[in-house]
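S.K.: Sending over data_6.pdb (PDB, C-alpha atoms).
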```pdb
ATOM      1  CA  MET B  92     201.483  71.246  84.238
ATOM      2  CA  ILE B  93     199.257  68.343  85.220
ATOM      3  CA  HIS B  94     195.455  68.712  85.193
ATOM      4  CA  HIS B  95     192.862  66.280  86.518
ATOM      5  CA  VAL B  96     189.140  66.456  85.776
ATOM      6  CA  PHE B  97     186.627  64.677  87.998
ATOM      7  CA  GLY B  98     183.004  63.998  87.279
ATOM      8  CA  ASN B  99     180.263  63.039  89.673
ATOM      9  CA  GLY B 100     179.893  59.373  88.873
ATOM     10  CA  GLU B 101     180.830  56.108  90.490
ATOM     11  CA  SER B 102     184.152  56.015  88.639
ATOM     12  CA  ARG B 103     185.740  58.250  91.289
ATOM     13  CA  LYS B 104     184.417  56.183  94.219
ATOM     14  CA  ASP B 105     187.727  54.404  94.896
ATOM     15  CA  LEU B 106     189.988  57.243  93.741
ATOM     16  CA  ASP B 107     192.032  59.070  96.390
ATOM     17  CA  ILE B 108     192.069  62.604  95.024
ATOM     18  CA  SER B 109     194.381  63.803  97.792
ATOM     19  CA  LYS B 110     197.275  61.769  96.355
ATOM     20  CA  LEU B 111     197.139  63.406  92.920
ATOM     21  CA  GLU B 112     199.351  66.351  92.038
ATOM     22  CA  GLY B 113     198.408  69.236  89.781
ATOM     23  CA  THR B 114     195.286  71.285  89.242
ATOM     24  CA  LYS B 115     192.062  69.468  90.072
ATOM     25  CA  TYR B 116     188.823  70.392  88.291
ATOM     26  CA  GLY B 117     185.577  69.063  89.708
ATOM     27  CA  CYS B 118     182.075  68.930  88.298
ATOM     28  CA  ASN B 119     178.754  69.692  90.002
ATOM     29  CA  ALA B 120     178.230  68.108  93.435
ATOM     30  CA  ILE B 121     181.791  66.840  93.909
ATOM     31  CA  TYR B 122     182.284  69.884  96.137
ATOM     32  CA  ARG B 123     180.066  68.239  98.792
ATOM     33  CA  ASP B 124     182.679  65.540  99.383
ATOM     34  CA  HIS B 125     185.948  67.150  98.272
ATOM     35  CA  LEU B 126     185.771  70.956  98.451
ATOM     36  CA  ASP B 127     189.141  71.080 100.209
ATOM     37  CA  LEU B 128     190.731  68.913  97.483
ATOM     38  CA  ILE B 129     189.560  70.560  94.250
ATOM     39  CA  ASP B 130     190.908  73.793  92.795
ATOM     40  CA  VAL B 131     188.149  74.716  90.337
ATOM     41  CA  LEU B 132     184.466  73.769  90.166
ATOM     42  CA  THR B 133     182.305  73.670  87.040
ATOM     43  CA  CYS B 134     178.520  73.331  87.020
ATOM     44  CA  VAL B 135     176.175  72.600  84.155
ATOM     45  CA  ASP B 136     172.931  72.036  86.053
ATOM     46  CA  ASN B 137     170.814  75.023  87.181
ATOM     47  CA  GLY B 138     169.903  73.493  90.531
ATOM     48  CA  ILE B 139     173.459  72.637  91.541
ATOM     49  CA  SER B 140     174.705  75.998  90.260
ATOM     50  CA  HIS B 141     172.383  77.791  92.675
ATOM     51  CA  GLU B 142     173.305  75.400  95.485
ATOM     52  CA  VAL B 143     177.015  76.079  94.920
ATOM     53  CA  TYR B 144     176.455  79.837  94.875
ATOM     54  CA  HIS B 145     174.230  79.920  97.970
ATOM     55  CA  ASN B 146     176.613  77.685  99.940
ATOM     56  CA  GLY B 147     179.448  80.160  99.430
ATOM     57  CA  VAL B 148     181.631  77.872  97.327
ATOM     58  CA  CYS B 149     182.348  80.720  94.891
ATOM     59  CA  GLN B 150     183.985  82.602  97.760
ATOM     60  CA  LYS B 151     186.444  79.737  98.314
ATOM     61  CA  ILE B 152     187.428  78.514  94.837
ATOM     62  CA  PRO B 153     186.860  79.627  91.233
ATOM     63  CA  CYS B 154     183.504  78.399  89.908
ATOM     64  CA  TYR B 155     182.288  78.314  86.320
ATOM     65  CA  PHE B 156     178.644  77.891  85.342
ATOM     66  CA  ARG B 157     177.309  76.898  81.927
ATOM     67  CA  HIS B 158     174.593  79.492  82.263
ATOM     68  CA  TRP B 159     172.667  81.267  84.999
ATOM     69  CA  THR B 160     168.900  81.541  85.315
ATOM     70  CA  LYS B 161     166.657  82.663  88.130
ATOM     71  CA  LEU B 162     164.938  79.901  90.017
ATOM     72  CA  PRO B 163     161.286  80.426  90.958
TER      73      PRO B 163
END
```
Using structure tokens, write down the structure that the file contains.

M.R.:
Amino acid sequence: MIHHVFGNGESRKDLDISKLEGTKYGCNAIYRDHLDLIDVLTCVDNGISHEVYHNGVCQKIPCYFRHWTKLP
């Protein structure tokens, strides 16, 4: 099986994710641009983790967080 992992940086700016086959893993805020194109989302930042959760992303695709803490 083919797996692709995408970060949040400029390196994916000119990459057409829709043309890639296999499981697509995205990191942090990639969901803002490509939620319909990624299969799994990982988050390592507390702020983005809460944003992902509160925006209902976890209801649409599997999401994995490094850790969870309450925000003030």

S.K.: Just say which residues the PyMOL selection byres ((chain B and resi 134-141) around 12) picks in this file, as a PyMOL selection string.

M.R.: chain B and resi 97-99+116-123+131-133+142-149+153-163

S.K.: Extract, using only C-alpha atoms, all DNA, RNA and protein residues at most 10 Å from Ile93 of chain B, discarding same-chain residues fewer than 5 positions from it, and format them as a list in words.

M.R.: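 Near neighbours after the sequence-gap exclusion: Leu111, Glu112, Gly113, Thr114 and Lys115 of chain B.
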
S.K.: Record the distance separating atom CA of Asp124 of chain B and atom CA of His95 of chain B, expressed in Å with one decimal.

M.R.: 16.4 Å

S.K.: Atom CA of Lys104 of chain B to atom CA of Gln150 of chain B: how many Å, to one decimal?

M.R.: 26.7 Å

S.K.: Mind giving me the axis-aligned box for segment 138-151 of chain B with 6 Å on every side, centre plus edges in Å to one decimal, as JSON?

M.R.:
```
{"center_x": 178.2, "center_y": 77.6, "center_z": 95.1, "size_x": 28.5, "size_y": 22.0, "size_z": 21.7}
```

S.K.: Given all atoms listed in the file as the basis, pick out the residue of B:Met92, B:Leu126, B:Ile108, B:Arg103 nearest to Ile152 of chain B.

M.R.: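 Of all the options, B:Leu126 lies closest to Ile152 of chain B.
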